[in-house]
Structures are given as C-alpha cells and as structure tokens.
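This report refers to the structure that appears directly beneath it.
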Amino acid sequence: MNTMTTDVFRLQANRRNALAVAVAAIIVSPQALAQSEPRTLEPIEVTADREASSDSVVTEERIEKYQADDLEDLFAGQPDVTVGGSIGIAQKVYVRGVEDPLLNVTIDGATQAGALFHHTGRLAVEPELLKQVEVDAGAGRATSGAGALGGSIRFVTKDPEDLLRPGEQVGALVKLGSFSNTDGYKASTTLFGRLNDQWSTMVSVSQSDHERFDDGGGDEVPGTDAKQQLGFAKLVGQLPGDQTLKLSHEVRTDEGERPQRPQWVVSGFNSLYELDGRRDTTTVNYGIAPDGNLWVDVALTVYYTESEIEQNVEDRWGRYFGFSRNIGGDLRNTSELASHSLTYGVDYREDKVNAGGAADRRAEEESGEILGVYLQDDYQITERLLLSAGVRYDDYHLDDNNGESFSADDVSPNANIAWEVLSGLTLRAGYAEAFRGPSTHDTFKIDRAQNDPDLKGEKAKNREVGFDYVYGNFTVSAEVYRSEIKDAIADPLFGPAIYENIGDLESDGYLIGTTYHIGGLQAGLSYHSNEAELDGDPLTVYEHNLLGNTVGDTWVADLSYRWDRNLEFGWQGRFVENIDNVETSVGTIDKPGYGVHDLFMHWLPTGDEDLRLTLTVKNVGDKQYLDHASNADYQHIAGYDGIVGLPEPGRDVRVGLAMRF
C-alpha cells in the first residue's frame, strides 16, 4: 500500500527514507558553512508526481558509497527488505518476508516476470546504472501493476542528462574497482553526450570477474566465482509539444561454476557444474505533458524482456535450458481536476516460458496473458487531509505445458488516508487488495509439473496504520501492518510437482525508524519485526520456495559525517536477532542471529567529480554467518546433510576509482 501525498505532505512522504537509514540529502559541514555566503533555506516544493512517493528509496549516492555489486548490497540499508543467496545468480529478494515472485518488479517500467529455476534468483541488475530503487511493501495502489500481491520494486536507470553537466556536450566516466575477498575486479566505461538540443544518448559497458570468496571463518566457498558482462544503451529525445521519448536496451550475462542447486553448499549430491545466465531488455518510454494542460499527462511504456539460464550437468543428463519472455505495455494518463488527481490506464503482458535439453531447447512451453485496467484518485479534501482511492481489474489466462487452460479475473480496490493533525505530525491508514491469477511456472519444472484442475487465483489484502513526525532536524515514523494472501499457489514439498492452492499466507509486523542530522553529522536507526506464516506455520525457503521466508527482528543503524564538500565517511550496521526452535515439516531448526558492520570513505581529491576515490569495507568484523534470507541449516537432521544455504562473504575491502572526462 502506498500512502500518497501532496504539497503539505511532501516532507512526510519521505518518511521511508528514514527507515532506509541512508536518509536525507547531503549536509554541508560547519567548516563549509563558515566559508559560504549566508543563505535562507528554500521552502519545500512539491511536484504533481504523486507516483514518486514510495515506501523506501535506495539512492544513487548510497549505491556509490558502499560500492554495491549485487542485490544484497543494494538493499542492505532496508530493514524490511532482505536478500539471501550470497552470489548474484542465487539471490532472492524478500519484502516483509514475501519472496519477489509475488511482487511486481520493473526496470524502467519493464516487468520482470517468470521464474527460471527454483534454486536460483530471478532478478539481475547492474547497480552502477541505477538512479534509484523504489520499494512499495504490501498490496497498494491500482497503478502498481498486475500481480503485486506483496508490493512492488521499481528499478530506475540513469538518463544521459543525469550525467551531463550544464552546457556540456559530451563526457565519459571510467570506473575501476577491486575486491579483496574475491581477488576480483570490476571495470566500466560510460560515454554520454548531446546529439543536438533535443537528443542525448549514453552507452555503458562493464565487466567484472570474481574468484571464490572466503567466508568469515577464512574458508574458501566453492561455487561462488562469477564473471559478468553488461552492455547498456539509452537514447532520449525532448520532442516538440512537451513530448519525451526514451529507448533503451540492456544485455547482461553471468557465468561461472556453481553447485547444481546454487542456493545450497557443495555436497555429495550437489556437485559443481557450469551455470550461465543472461537477460536482454528493450524498453520504450514515451510521455506527453503539454504545458498548462492539466488534463493531459500521458505515459506509455512498451517492453520486451527475455531471460535464459543454461546448466551443464555433464555427468548426468547434460545441458538443460530455461527461457522466460515477457512482452507488454502500460498506457496511462493523469488529469488534474480541481482537488483531484486522476490516474487511469490499461496494462497488458504476455508471458512465455520454455525449457528443454540440447536436442530441443524449447521442447516444453507455457504461455499466459494478463490484461488490466485501473483508476486511482488522489483527492486533497483540505490542506491537511488527503484521500487516495482506486480500483483495478485484472484478467488472467494460462495455457500450461499439459494442454490445460485456466482463466481467472477479479477486482482489487484500495483506499488510503493521510491527515496532518498537527504541524509536523501526520497520521495515515490504508487498505488495499491485489489479485494474481494462474501464471507460468518455473522452467526447470514444467517438463514434469502439472496444475490442479481446480486451481484458483491468489488474492491479497493489506492493512496498514502509522504516523510520521518531523521536528526540526529530527524525524520519527512507525507503522503496523497485516497482509494476507489467500489461496497461495505452490507445489508442496515431497509430493508430485502439482501446483495447487496450498493455503493462506500471512505477513504481520511493524516498522519504526528515526533520523537526526546536525551540520555534517547524520544518524539513523530503524527496526523491523515480521512474522511470515502459511496456515500458521513459519515460512522457510526450503519448504516454501518462491513464496517467502522467516527473518529475525532486524535493526539497521547508520552514522556518517561530511567533513567538507570533498570528504565524507560513515558506518552502517545491520543486526538480525536469532530465531530458535522453528518448526518445519522435517524437524526443528534454529536461525542464529548476527551483526554486520560496513564502513565507507568518499573523497574528491581535486575538489570536483572529475576524480572520485571510494574505500568501502564490507563485514568489517569478518563475521561468519548465514543470512536469514538464505536457506537455513538443516544438517543436524538425519538425512539432511548438505541442506544449508551458502554462508555470507567475510571481510571485503573494496577500492573504487572513478574518473570523469
């Protein structure tokens, strides 16, 4: 659920940045203030883009300071977002305990749907290309897209104008990075420029190479090496009549020797094999917003995404391939009518998954279609009271690999209210529903999987109550939530691969965060507690793969200081409390707690962005631990040797050099 805001609520809308710990804009130090001219702070100004408000935002600045290299690095500052899997190709994202297949995930509006292999992740991004990442937790606005049962994640890439300086026609950015733990490196070159007054473009290529990492105990972890390559190009045009056109294409590859089941350690039944992945995404974004016309603000997105995975189990069945293809679009318009801001539109997506061996790589096939229409109204009742309400209708159709067809449709309403009861204090509450019909499944199972003939769609209901308080340099916010996904779809463990409605998934919890800044000093603290269950039983990734996982109460704290405009350094800690005696269908497991510390130093030796040095130390204490979002340790149970997730890397010193020409 999103809590939307207008002018008087803009500062409160940024409450989630407090929870993200890396909150707040850059604050100059007292020394810098003493050298600058006296100035008056400008009042906060709000644009009409209510979509910009998100539960939490990962900024470009944070990505650079901690030299994020994968999904786990990206979300390390979000207490309600966890990532398990240790290596990029195995990483799965959980929001409030709900796994990312139950979220609507987009890159510049291009939906990333489908699962390739249940023992790998399904998302792949290059952090250095990102301008920001927006996370909305729980079912929310009608504009969030189809199937957003657990919320949405929106990755937003940079435009050429984000890199070009005023008056600059062409430029280049070269980045070099080293990683001590993996004896690895990362190198990228980005060229950007203005073709003329209307058109600009950018091209970026990068490559990284990592050897096996050492865990906190100093042991080398087999199956954790990786080579990644990326190519990205974007063309942006500012056309007559207040039109904007963006065309982008990205190719990302990942190859290495991994365990047959990459989310588990190497064992007698989980040997090392070649496992390679690739994702291609082409996106067209078009917008027209005539100046002075409050009725027209059109946004169109059309996309094509294809992902694939290849595994060579050479001493058994040989090569096996999985493919996922998503083609779709979204057309919406926003009209400002007095105190109302109406967003309405239609979205459509066609999904196809294929799988097969070397003889016929696409022998197996499933396909599905989704059509949705939606309306969202943000109504500013008074200066202090905002009501947002909407509805969407989704129609699903699936043709599975066994020649069976399924259709399901439903209506999903939502309503949210934000009330500034006192200056600086806003109360908020909301309710939202989301629907997902039967959809395509894991490509590595479709050759043997079936769907229950009575398979129904899944329905999510999300309730939230919270507040935001801002007083000078101090902010505090909190919320309590309850999410329920009725008739969750999965194929139960130990049975034949039959997808069925296995029960009701519940995610309950609360979130609280606070920040304070003075001069160049910035401090933040946030806490998240969550219980994720299926019919009363705790979710575990081993039993409930592609649904969710149980994570201990999580604290995230940060402290940073900007010495002057050229030097900043800081610390971040993530602390997860232990969970004892988790009951599963195969026995009782424990999830030991852990605390991990990261440091960064950001320096501009020449006084500008032409040369930037960044030193980051991940896991400063060389902590040996298993992330709660990874597969828990079942090895103490008879017959379950090797059923344990990969440990996290030990201390990693990262040195980054960025040169701008």
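Please note that chains go A, B, ... in the order of the structure tokens, that every chain numbers its residues from 1, and that ligands are numbered from 1 in the order shown.
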Need the shell around Ser477 (chain A): protein/DNA/RNA residues with any atom at most 6 Å away, counting only C-alpha atoms. Skip same-chain ones fewer than 6 positions apart. Format as a ChimeraX atom specification? /A:467-468,512-513
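Non-sequential neighbours of region 177-186 of chain A (distance at most 7 Å, separation of 3 or more positions within a chain, only C-alpha atoms) are Gln207, Ser208, Asp209, His210, Glu211, Arg212, Phe213, Asp214, Arg651, Asp652, Val653, Arg654, Val655, Gly656 and Leu657 of chain A.
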So which bits of region 117-263 of chain A end up strand (DSSP E) when you DSSP the backbone, as a ChimeraX atom specification? /A:130-137,151-157,170-179,184-194,199-210,226-239,243-259
Just to confirm, what's the straight-line distance from CA of Met202 (chain A) to CA of Asp73 (chain A) in Å (one decimal)? 25.1 Å
Per residue of region 156-265 of chain A within 9 Å of region 117-137 of chain A, note the shortest atom pair and the distance in Å to one decimal, counting only C-alpha atoms, and order the rows by chain and increasing residue number, as CSV.
```
residue,atom,partner,partner_atom,distance
A:Val156,CA,A:Gln132,CA,5.5
A:Thr157,CA,A:Leu130,CA,4.3
A:Lys158,CA,A:Lys131,CA,4.9
A:Asp159,CA,A:Lys131,CA,8.3
A:Asp162,CA,A:Lys131,CA,8.3
A:Ser204,CA,A:Leu129,CA,8.4
A:Leu230,CA,A:Glu126,CA,7.8
A:Phe232,CA,A:Leu129,CA,8.5
A:Arg252,CA,A:Ala124,CA,7.9
A:Gln260,CA,A:His119,CA,8.6
A:Arg261,CA,A:His119,CA,5.4
A:Pro262,CA,A:His119,CA,6.0
A:Gln263,CA,A:His119,CA,5.7
A:Trp264,CA,A:His119,CA,8.2
```
Requested write-out: N, CA, C and O atoms of the selected residues, as an mmCIF file, in the first residue's frame:
```
data_model
loop_
_atom_site.group_PDB
_atom_site.id
_atom_site.type_symbol
_atom_site.label_atom_id
_atom_site.label_comp_id
_atom_site.auth_asym_id
_atom_site.auth_seq_id
_atom_site.Cartn_x
_atom_site.Cartn_y
_atom_site.Cartn_z
ATOM 1 N N VAL A 156 15.099 2.131 -11.475
ATOM 2 C CA VAL A 156 15.105 3.264 -12.405
ATOM 3 C C VAL A 156 16.544 3.524 -12.835
ATOM 4 O O VAL A 156 17.415 3.783 -12.001
ATOM 5 N N THR A 157 16.815 3.434 -14.140
ATOM 6 C CA THR A 157 18.175 3.630 -14.636
ATOM 7 C C THR A 157 18.443 5.106 -14.940
ATOM 8 O O THR A 157 17.527 5.919 -15.077
ATOM 9 N N LYS A 158 19.708 5.433 -15.058
ATOM 10 C CA LYS A 158 20.120 6.805 -15.321
ATOM 11 C C LYS A 158 19.823 7.203 -16.761
ATOM 12 O O LYS A 158 19.821 6.380 -17.672
ATOM 13 N N ASP A 159 19.597 8.492 -16.962
ATOM 14 C CA ASP A 159 19.485 9.099 -18.280
ATOM 15 C C ASP A 159 20.788 9.828 -18.607
ATOM 16 O O ASP A 159 21.575 10.150 -17.703
ATOM 17 N N ASP A 162 21.385 12.886 -16.578
ATOM 18 C CA ASP A 162 21.844 12.707 -15.198
ATOM 19 C C ASP A 162 23.361 12.751 -15.100
ATOM 20 O O ASP A 162 23.914 12.979 -14.020
ATOM 21 N N SER A 204 27.043 2.288 -22.108
ATOM 22 C CA SER A 204 27.841 1.832 -20.985
ATOM 23 C C SER A 204 28.185 0.355 -21.169
ATOM 24 O O SER A 204 27.322 -0.450 -21.541
ATOM 25 N N LEU A 230 28.159 -6.611 -19.142
ATOM 26 C CA LEU A 230 26.951 -5.820 -19.346
ATOM 27 C C LEU A 230 27.158 -4.813 -20.463
ATOM 28 O O LEU A 230 28.224 -4.201 -20.580
ATOM 29 N N PHE A 232 24.802 -1.556 -22.136
ATOM 30 C CA PHE A 232 23.580 -0.760 -21.949
ATOM 31 C C PHE A 232 23.656 0.472 -22.833
ATOM 32 O O PHE A 232 24.690 1.142 -22.905
ATOM 33 N N ARG A 252 22.796 -8.421 -20.217
ATOM 34 C CA ARG A 252 23.572 -8.768 -19.029
ATOM 35 C C ARG A 252 23.820 -10.269 -19.019
ATOM 36 O O ARG A 252 22.891 -11.060 -19.210
ATOM 37 N N GLN A 260 24.936 -27.566 -8.418
ATOM 38 C CA GLN A 260 23.755 -27.872 -9.225
ATOM 39 C C GLN A 260 22.546 -27.099 -8.713
ATOM 40 O O GLN A 260 21.734 -26.610 -9.498
ATOM 41 N N ARG A 261 22.426 -26.998 -7.392
ATOM 42 C CA ARG A 261 21.402 -26.163 -6.755
ATOM 43 C C ARG A 261 22.151 -24.990 -6.126
ATOM 44 O O ARG A 261 22.658 -25.100 -5.003
ATOM 45 N N PRO A 262 22.246 -23.859 -6.838
ATOM 46 C CA PRO A 262 23.168 -22.789 -6.438
ATOM 47 C C PRO A 262 22.884 -22.165 -5.081
ATOM 48 O O PRO A 262 23.776 -21.524 -4.519
ATOM 49 N N GLN A 263 21.672 -22.313 -4.536
ATOM 50 C CA GLN A 263 21.386 -21.695 -3.245
ATOM 51 C C GLN A 263 21.854 -22.552 -2.069
ATOM 52 O O GLN A 263 21.757 -22.133 -0.922
ATOM 53 N N TRP A 264 22.385 -23.793 -2.343
ATOM 54 C CA TRP A 264 22.915 -24.665 -1.306
ATOM 55 C C TRP A 264 24.419 -24.826 -1.484
ATOM 56 O O TRP A 264 24.968 -24.591 -2.567
#
```
Please list as a ChimeraX atom specification every residue within 6 Å of region 411-427 of chain A, counting only C-alpha atoms and excluding residues in the same chain fewer than 3 positions away. /A:384-393,430-434,467-470
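One finds CA of Ile489 (chain A) at 27.7 Å from CA of Leu626 (chain A).
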Residues of region 440-519 of chain A that approach region 549-556 of chain A to 12 Å or less, counting only C-alpha atoms: could you list each one with the shortest pair of atoms and its distance in Å to one decimal, rows by chain and increasing residue number, as CSV?
```
residue,atom,partner,partner_atom,distance
A:Leu505,CA,A:Asn549,CA,11.0
A:Glu506,CA,A:Asn549,CA,11.4
A:Ser507,CA,A:Thr550,CA,9.7
A:Asp508,CA,A:Thr550,CA,11.4
A:Gly509,CA,A:Asp553,CA,9.7
A:Tyr510,CA,A:Asp553,CA,10.0
A:Leu511,CA,A:Thr554,CA,9.7
A:Ile512,CA,A:Trp555,CA,9.8
A:Gly513,CA,A:Val556,CA,9.1
A:Thr514,CA,A:Val556,CA,10.7
A:Thr515,CA,A:Val556,CA,11.6
```
Counting only C-alpha atoms, which of A:Asp598, A:Glu568, A:Glu383, A:Asp641 gets nearest to Leu613 (chain A)? A:Glu568
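Across the model, the gap from CA of Arg278 (chain A) to CA of Pro647 (chain A) is 24.7 Å.
You can rank A:Val251, A:Ala460, A:Leu534, A:Ala142 by their closest distance to Glu306 (chain A) using only C-alpha atoms, and at the top of that list sits A:Val251.
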Just the residues within 10 Å of Ser341 (chain A), please, counting only C-alpha atoms, with nothing from its chain fewer than 2 positions along; format it as a PyMOL selection string. chain A and resi 6+48-50+294-295+334-339+343-344+376-380+388
Mind writing the picked residues with N, CA and C atoms as a short mmCIF file (atom, residue, chain, number, x, y, z; two decimals), in the first residue's frame?
```cif
data_model
loop_
_atom_site.label_atom_id
_atom_site.label_comp_id
_atom_site.auth_asym_id
_atom_site.auth_seq_id
_atom_site.Cartn_x
_atom_site.Cartn_y
_atom_site.Cartn_z
N THR A 6 0.52 15.13 -1.11
CA THR A 6 0.52 16.33 -1.92
C THR A 6 1.36 17.37 -1.22
N ALA A 48 3.61 17.52 -8.99
CA ALA A 48 2.33 16.80 -9.02
C ALA A 48 2.53 15.30 -9.18
N ASP A 49 3.80 14.85 -9.25
CA ASP A 49 4.07 13.43 -9.49
C ASP A 49 3.93 12.64 -8.20
N ARG A 50 2.73 12.26 -7.89
CA ARG A 50 2.50 11.52 -6.66
C ARG A 50 3.09 10.13 -6.74
N LEU A 294 -3.88 20.73 -17.80
CA LEU A 294 -4.00 19.89 -16.61
C LEU A 294 -4.70 18.57 -16.89
N TRP A 295 -5.24 18.43 -18.08
CA TRP A 295 -5.98 17.21 -18.41
C TRP A 295 -5.09 16.11 -18.98
N THR A 334 -2.77 11.09 -16.55
CA THR A 334 -3.10 11.74 -15.28
C THR A 334 -3.75 13.08 -15.58
N SER A 335 -4.91 13.30 -14.98
CA SER A 335 -5.66 14.55 -15.16
C SER A 335 -5.84 15.22 -13.81
N GLU A 336 -5.53 16.52 -13.79
CA GLU A 336 -5.73 17.31 -12.57
C GLU A 336 -7.07 18.02 -12.68
N LEU A 337 -7.98 17.68 -11.79
CA LEU A 337 -9.33 18.25 -11.79
C LEU A 337 -9.62 18.84 -10.43
N ALA A 338 -9.44 20.15 -10.31
CA ALA A 338 -9.65 20.82 -9.03
C ALA A 338 -8.80 20.16 -7.96
N SER A 339 -9.42 19.57 -6.95
CA SER A 339 -8.69 18.93 -5.85
C SER A 339 -8.39 17.47 -6.13
N THR A 343 -5.45 9.23 -12.11
CA THR A 343 -4.58 8.45 -12.98
C THR A 343 -5.35 7.21 -13.42
N TYR A 344 -5.43 7.00 -14.74
CA TYR A 344 -6.22 5.90 -15.26
C TYR A 344 -5.52 5.35 -16.48
N GLN A 376 -6.94 5.47 -10.27
CA GLN A 376 -6.50 5.90 -8.94
C GLN A 376 -6.77 7.40 -8.80
N ASP A 377 -7.43 7.78 -7.71
CA ASP A 377 -7.78 9.19 -7.47
C ASP A 377 -7.12 9.66 -6.19
N ASP A 378 -6.33 10.73 -6.27
CA ASP A 378 -5.78 11.39 -5.09
C ASP A 378 -6.58 12.66 -4.86
N TYR A 379 -7.34 12.68 -3.79
CA TYR A 379 -8.29 13.76 -3.52
C TYR A 379 -7.81 14.56 -2.31
N GLN A 380 -7.41 15.82 -2.56
CA GLN A 380 -6.99 16.72 -1.49
C GLN A 380 -8.23 17.37 -0.89
N SER A 388 -6.78 8.95 -0.88
CA SER A 388 -6.43 8.29 -2.13
C SER A 388 -7.21 7.00 -2.23
#
```
Val93 (chain A): which residues within 6 Å, counting only C-alpha atoms, same-chain residues fewer than 4 positions away excluded, as a VMD selection string? chain A and resid 82 to 83 99 to 100
Go ahead and dump the residues you just picked, all heavy atoms, as an mmCIF file, in the first residue's frame.
```
data_model
loop_
_atom_site.group_PDB
_atom_site.id
_atom_site.type_symbol
_atom_site.label_atom_id
_atom_site.label_comp_id
_atom_site.auth_asym_id
_atom_site.auth_seq_id
_atom_site.Cartn_x
_atom_site.Cartn_y
_atom_site.Cartn_z
ATOM 1 N N THR A 82 15.083 -8.101 2.666
ATOM 2 C CA THR A 82 16.215 -8.991 2.891
ATOM 3 C C THR A 82 16.535 -9.736 1.600
ATOM 4 O O THR A 82 15.658 -9.983 0.779
ATOM 5 C CB THR A 82 15.921 -10.000 4.010
ATOM 6 O OG1 THR A 82 14.699 -10.691 3.708
ATOM 7 C CG2 THR A 82 15.772 -9.298 5.345
ATOM 8 N N VAL A 83 17.807 -10.089 1.442
ATOM 9 C CA VAL A 83 18.269 -10.791 0.244
ATOM 10 C C VAL A 83 19.112 -11.983 0.683
ATOM 11 O O VAL A 83 20.063 -11.825 1.444
ATOM 12 C CB VAL A 83 19.095 -9.868 -0.675
ATOM 13 C CG1 VAL A 83 19.564 -10.630 -1.914
ATOM 14 C CG2 VAL A 83 18.272 -8.648 -1.082
ATOM 15 N N GLU A 99 8.491 -13.411 -0.932
ATOM 16 C CA GLU A 99 9.505 -13.510 -1.975
ATOM 17 C C GLU A 99 9.110 -12.740 -3.233
ATOM 18 O O GLU A 99 7.920 -12.555 -3.530
ATOM 19 C CB GLU A 99 9.764 -14.982 -2.311
ATOM 20 C CG GLU A 99 11.020 -15.196 -3.137
ATOM 21 C CD GLU A 99 11.391 -16.661 -3.277
ATOM 22 O OE1 GLU A 99 11.096 -17.448 -2.348
ATOM 23 O OE2 GLU A 99 11.970 -17.023 -4.320
ATOM 24 N N ASP A 100 10.127 -12.314 -3.987
ATOM 25 C CA ASP A 100 9.900 -11.401 -5.109
ATOM 26 C C ASP A 100 8.991 -11.922 -6.218
ATOM 27 O O ASP A 100 8.414 -11.108 -6.950
ATOM 28 C CB ASP A 100 11.236 -10.940 -5.705
ATOM 29 C CG ASP A 100 12.113 -12.076 -6.190
ATOM 30 O OD1 ASP A 100 11.821 -12.653 -7.247
ATOM 31 O OD2 ASP A 100 13.106 -12.384 -5.511
#
```
Check the smallest atom-to-atom distance from each of A:Glu404, A:Asp622, A:Glu484, A:Glu350 to Tyr304 (chain A) using only C-alpha atoms, then report the winner. A:Glu350
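By chain and then residue number, the residues within 9 Å of Asn401 (chain A) are Glu364, Glu365, Glu366, Ser367, Ile446, Asp447, Arg448, Ala449 and Gln450 of chain A, counting only C-alpha atoms and disregarding those fewer than 6 positions away in sequence.
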C-alpha atoms of the current selection, written as a tab-separated table (two decimals), in the first residue's frame:
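This is the output file again-v7.tsv:
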```tsv
chain	number	residue	atom	x	y	z
A	364	GLU	CA	8.38	-27.53	-23.15
A	365	GLU	CA	6.20	-24.42	-23.22
A	366	GLU	CA	3.69	-22.49	-21.15
A	367	SER	CA	2.15	-19.13	-22.02
A	446	ILE	CA	7.46	-27.58	-16.48
A	447	ASP	CA	8.58	-30.85	-18.12
A	448	ARG	CA	7.05	-32.77	-15.22
A	449	ALA	CA	4.78	-30.30	-13.39
A	450	GLN	CA	1.00	-30.09	-13.60
```
